[in-house]
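Everything below concerns the one structure shown next.
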Amino acid sequence: MGTATLIIDGKSYELPTFVGSEGERAIDISKLREKTGYITYDPGLGNTGMCKSAITYIDGDAGILRYRGIPIEQFAEHPNFIEVAWLLIFGRLPTKDELARFSERLTQNAPLHEAMRHHFEGFPVNAPPMAVVSAMISTLSCFHYHLFNDDSQFEELAARLISKVRTIAAYAYKRSIGRPYIYPDPRLRYCANLLHMMFSMPYDQYIVDPDIEDALNLVFILHADHEQNCSTTAVRVVGSSRANLFASCAAGVCALWGPLHGGANVEVMEMLEKIHQGGLTPEKYIELAKDKSSPVRLMGFGHRVYKNYDPRAKMLKAACDRVFAKLKRRDPLLDIARKLEELALKDSYFIERKLYPNVDFYSGILFRAIGIPTEMFTVMFAIGRLPGWIAQWKEQHDEANAKIVRPRQIYTGETQHDYVPFEQRRAPSA
Ligand code: SDX
């Protein structure tokens, strides 16, 4: 613990400082307004810590990402998304028995309540899948609310949400293509069951290639948590009012939907398709992305925290190569993505701004290789991120003196003036 001295209007104020376990330094301003009458102003909160957390560590300059202290690269050899989900939520790697118990809970909880299946019929076939997933996670609250106030049941609650979000996603997809819902198969593991429910037909079982199953486990692991990103912050904000876990995660889905956040993986594919169709060359696209008068951005590039290559993008790029080698095919969009990356990484505009590929730049190409349609990419991101949201919600929920999130503002509106009766009002001059 140390102190920072703030001098305002000639008066000195001592503010406490502290350092996190990886050397991140902070000035504690929780008493600033009380002491000085001032608040801080930090649009986008890029300089503001909203919590202390022990879940995920990112070093944006060095391109480091660790889950509960374990570098993500170490999950690549034997990717097991559910093992990582348990690690994030409960703070350590599970024993074999704990993992077996958690996996069994997921298997038992994969089906939806039959009444929920009919809800899907109420959505138009072209409903955005993220709208369906968010709505159906909220709907789950109606069927499992009895678990919300019993912390001893948290593993069961987390398992139900993680398992059922997969079934919800698969049913949303089947609804969108007018094909029959497929029940989860208790013999299949998490990722294989998702692909089974998405791609099987009653008369034709989809058989998962083990390498594809590994690739999907890895993709979900790489999306599983990312400290206080936009959607995780949404989950914490909603959870800070003591709203239940399901309602908080439904809010996370809505925040993730945005094209600047999880929606970027769809935007990346649309960008690559546009170039592939011959509309623009990679060189031309890069020029447009640099042109401030153009709304074009190099989607999948840039990051609020990473000012180096996003380690997840590196791993996803390698996974693309492995999957295409296994499938014995190439994807022209991967070649275009590589060309865009090559051009950007030697262009001063991107170098000066430290803009590198982020998690969304290659994830869509991998999803496409697995057979997942573009409109489901952000839903896949949500499935991957769910354990992180649950872990972050739990960390806040377990904090004894957690406060409801209620930031201040600087008011810039009208100063006081009187009400004007209709007959005295004049239309504003054009
Ligand atoms: C995710 O926060 C997380 O952790 C998110 C995430 C997670 O796992 O949860 O990592 C997942 O959301 C990844 C990001 C996905 N989004 C995109 O790929 C969309 C394209 N990228 C950007 O729009 C942008 O880079 C952001 C939103 C990701 C970050 O924006 P910042 O930190 O607010 O940076 P900025 O917009 O202030 O940009 C700084 C400069 C600006 O130029 P100048 O005003 O300095 O001249 O860089 C430029 C920007 O115009 N810039 C880009 C760019 N990204 C930033 N220019 C062209 N193409 C881009 N992609």
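Chain identifiers are assigned as A, B, and so on, following the order in which chains appear in the structure tokens; residues are numbered from 1 within each chain, and ligands are numbered from 1 in order of appearance.
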At a cut-off of 7 Å, can you tabulate as a Markdown table every residue of chain A near ligand 1 together with its closest atom pair and the distance in Å to one decimal, using only C-alpha atoms and all ligand atoms and ordering rows by chain then number?
| residue | atom | partner | partner_atom_place_in_ligand_line | distance |
| --- | --- | --- | --- | --- |
| A:His223 | CA | ligand 1 | 8 (O) | 6.1 |
| A:Asp225 | CA | ligand 1 | 8 (O) | 6.6 |
| A:His226 | CA | ligand 1 | 8 (O) | 4.9 |
| A:Glu227 | CA | ligand 1 | 4 (O) | 6.8 |
| A:Gln228 | CA | ligand 1 | 4 (O) | 6.9 |
| A:Asn229 | CA | ligand 1 | 2 (O) | 3.9 |
| A:Cys230 | CA | ligand 1 | 2 (O) | 5.9 |
| A:Ser231 | CA | ligand 1 | 9 (O) | 6.9 |
| A:Pro259 | CA | ligand 1 | 19 (C) | 6.5 |
| A:Leu260 | CA | ligand 1 | 16 (N) | 4.3 |
| A:His261 | CA | ligand 1 | 12 (O) | 3.2 |
| A:Gly262 | CA | ligand 1 | 12 (O) | 5.1 |
| A:Ala264 | CA | ligand 1 | 16 (N) | 4.9 |
| A:Ala289 | CA | ligand 1 | 57 (C) | 4.8 |
| A:Lys290 | CA | ligand 1 | 57 (C) | 5.6 |
| A:Arg297 | CA | ligand 1 | 58 (N) | 3.7 |
| A:Leu298 | CA | ligand 1 | 58 (N) | 3.9 |
| A:Met299 | CA | ligand 1 | 20 (C) | 4.3 |
| A:Gly300 | CA | ligand 1 | 18 (O) | 3.3 |
| A:Phe301 | CA | ligand 1 | 60 (N) | 4.3 |
| A:Gly302 | CA | ligand 1 | 25 (O) | 3.4 |
| A:His303 | CA | ligand 1 | 28 (C) | 4.0 |
| A:Arg304 | CA | ligand 1 | 32 (O) | 3.3 |
| A:Val305 | CA | ligand 1 | 2 (O) | 6.7 |
| A:Arg353 | CA | ligand 1 | 47 (O) | 5.5 |
| A:Leu355 | CA | ligand 1 | 54 (N) | 6.4 |
| A:Asn358 | CA | ligand 1 | 13 (C) | 5.7 |
| A:Val359 | CA | ligand 1 | 13 (C) | 5.9 |
| A:Asp360 | CA | ligand 1 | 15 (C) | 5.9 |
I need the residues in region 34-245 of chain A that are strand (DSSP E) according to DSSP; give them as a tab-separated table (two decimals) with all heavy atoms, in the first residue's frame.
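Generated file (out_11.tsv):
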chain	number	residue	atom	x	y	z
A	56	THR	N	-8.76	-13.85	-14.53
A	56	THR	CA	-7.99	-13.80	-15.78
A	56	THR	C	-6.99	-12.66	-15.73
A	56	THR	O	-7.31	-11.57	-15.25
A	56	THR	CB	-8.95	-13.61	-16.98
A	56	THR	OG1	-9.72	-14.79	-17.12
A	56	THR	CG2	-8.20	-13.34	-18.27
A	57	TYR	N	-5.80	-12.94	-16.22
A	57	TYR	CA	-4.76	-11.92	-16.30
A	57	TYR	C	-4.37	-11.71	-17.76
A	57	TYR	O	-4.09	-12.68	-18.48
A	57	TYR	CB	-3.53	-12.33	-15.50
A	57	TYR	CG	-2.35	-11.38	-15.70
A	57	TYR	CD1	-2.41	-10.07	-15.22
A	57	TYR	CD2	-1.22	-11.76	-16.42
A	57	TYR	CE1	-1.36	-9.18	-15.43
A	57	TYR	CE2	-0.18	-10.89	-16.63
A	57	TYR	CZ	-0.25	-9.60	-16.14
A	57	TYR	OH	0.78	-8.71	-16.35
A	58	ILE	N	-4.38	-10.43	-18.18
A	58	ILE	CA	-3.95	-10.08	-19.53
A	58	ILE	C	-2.80	-9.10	-19.42
A	58	ILE	O	-2.88	-8.13	-18.66
A	58	ILE	CB	-5.09	-9.39	-20.32
A	58	ILE	CG1	-6.30	-10.30	-20.48
A	58	ILE	CG2	-4.60	-8.95	-21.70
A	58	ILE	CD1	-7.51	-9.59	-21.11
A	59	ASP	N	-1.72	-9.35	-20.15
A	59	ASP	CA	-0.70	-8.32	-20.31
A	59	ASP	C	-0.78	-7.91	-21.77
A	59	ASP	O	-0.29	-8.61	-22.67
A	59	ASP	CB	0.70	-8.86	-19.97
A	59	ASP	CG	1.79	-7.80	-20.17
A	59	ASP	OD1	1.59	-6.91	-21.04
A	59	ASP	OD2	2.82	-7.85	-19.48
A	64	ILE	N	-0.02	-11.50	-23.35
A	64	ILE	CA	-0.14	-12.64	-22.42
A	64	ILE	C	-1.59	-12.77	-21.96
A	64	ILE	O	-2.23	-11.75	-21.65
A	64	ILE	CB	0.77	-12.43	-21.18
A	64	ILE	CG1	2.25	-12.59	-21.56
A	64	ILE	CG2	0.41	-13.39	-20.05
A	64	ILE	CD1	3.20	-12.18	-20.44
A	65	LEU	N	-2.09	-14.02	-21.91
A	65	LEU	CA	-3.44	-14.29	-21.38
A	65	LEU	C	-3.35	-15.55	-20.53
A	65	LEU	O	-2.87	-16.59	-20.99
A	65	LEU	CB	-4.43	-14.50	-22.53
A	65	LEU	CG	-5.85	-14.96	-22.16
A	65	LEU	CD1	-6.52	-13.98	-21.20
A	65	LEU	CD2	-6.70	-15.10	-23.43
A	66	ARG	N	-3.76	-15.44	-19.24
A	66	ARG	CA	-3.72	-16.60	-18.34
A	66	ARG	C	-5.06	-16.75	-17.63
A	66	ARG	O	-5.65	-15.73	-17.21
A	66	ARG	CB	-2.64	-16.40	-17.26
A	66	ARG	CG	-1.22	-16.26	-17.79
A	66	ARG	CD	-0.20	-16.25	-16.67
A	66	ARG	NE	1.06	-15.64	-17.09
A	66	ARG	CZ	1.70	-14.66	-16.44
A	66	ARG	NH1	1.15	-14.17	-15.33
A	66	ARG	NH2	2.82	-14.15	-16.90
A	67	TYR	N	-5.53	-17.96	-17.51
A	67	TYR	CA	-6.76	-18.27	-16.75
A	67	TYR	C	-6.34	-18.82	-15.40
A	67	TYR	O	-5.68	-19.86	-15.34
A	67	TYR	CB	-7.58	-19.32	-17.47
A	67	TYR	CG	-8.21	-18.90	-18.78
A	67	TYR	CD1	-8.53	-19.85	-19.74
A	67	TYR	CD2	-8.48	-17.57	-19.09
A	67	TYR	CE1	-9.12	-19.50	-20.96
A	67	TYR	CE2	-9.07	-17.19	-20.29
A	67	TYR	CZ	-9.38	-18.16	-21.22
A	67	TYR	OH	-9.96	-17.81	-22.43
A	70	ILE	N	-2.80	-19.88	-15.39
A	70	ILE	CA	-2.29	-20.85	-16.37
A	70	ILE	C	-2.30	-20.20	-17.76
A	70	ILE	O	-3.36	-19.78	-18.24
A	70	ILE	CB	-3.15	-22.14	-16.37
A	70	ILE	CG1	-3.15	-22.78	-14.97
A	70	ILE	CG2	-2.63	-23.13	-17.42
A	70	ILE	CD1	-4.09	-23.96	-14.83
A	71	PRO	N	-1.15	-20.15	-18.46
A	71	PRO	CA	-1.11	-19.57	-19.81
A	71	PRO	C	-2.04	-20.34	-20.74
A	71	PRO	O	-2.06	-21.59	-20.71
A	71	PRO	CB	0.34	-19.71	-20.24
A	71	PRO	CG	1.12	-19.87	-18.96
A	71	PRO	CD	0.19	-20.59	-18.02
>> Using only C-alpha atoms, which protein or nucleic acid residues come within 12 Å of Arg338 (chain A)? Drop anything in the same chain fewer than 6 positions from it, and give the result as a ChimeraX atom specification.
In response: /A:272,282,313-314,317-318,320-321,331-332,344-345,357,361-362,365
>> List as a count of residues only the protein and nucleic acid residues near Ser163 (chain A), meaning an atom at most 8 Å away when only C-alpha atoms are counted, but skip any in the same chain fewer than 6 places from it.
In response: 5
> Of the residues A:Thr5, A:Gln392, A:Ser103, A:Thr17, which is the one nearest to Val238 (chain A), using only C-alpha atoms?
Replying inline: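 Among the listed residues, the smallest separation from Val238 (chain A) belongs to A:Gln392.
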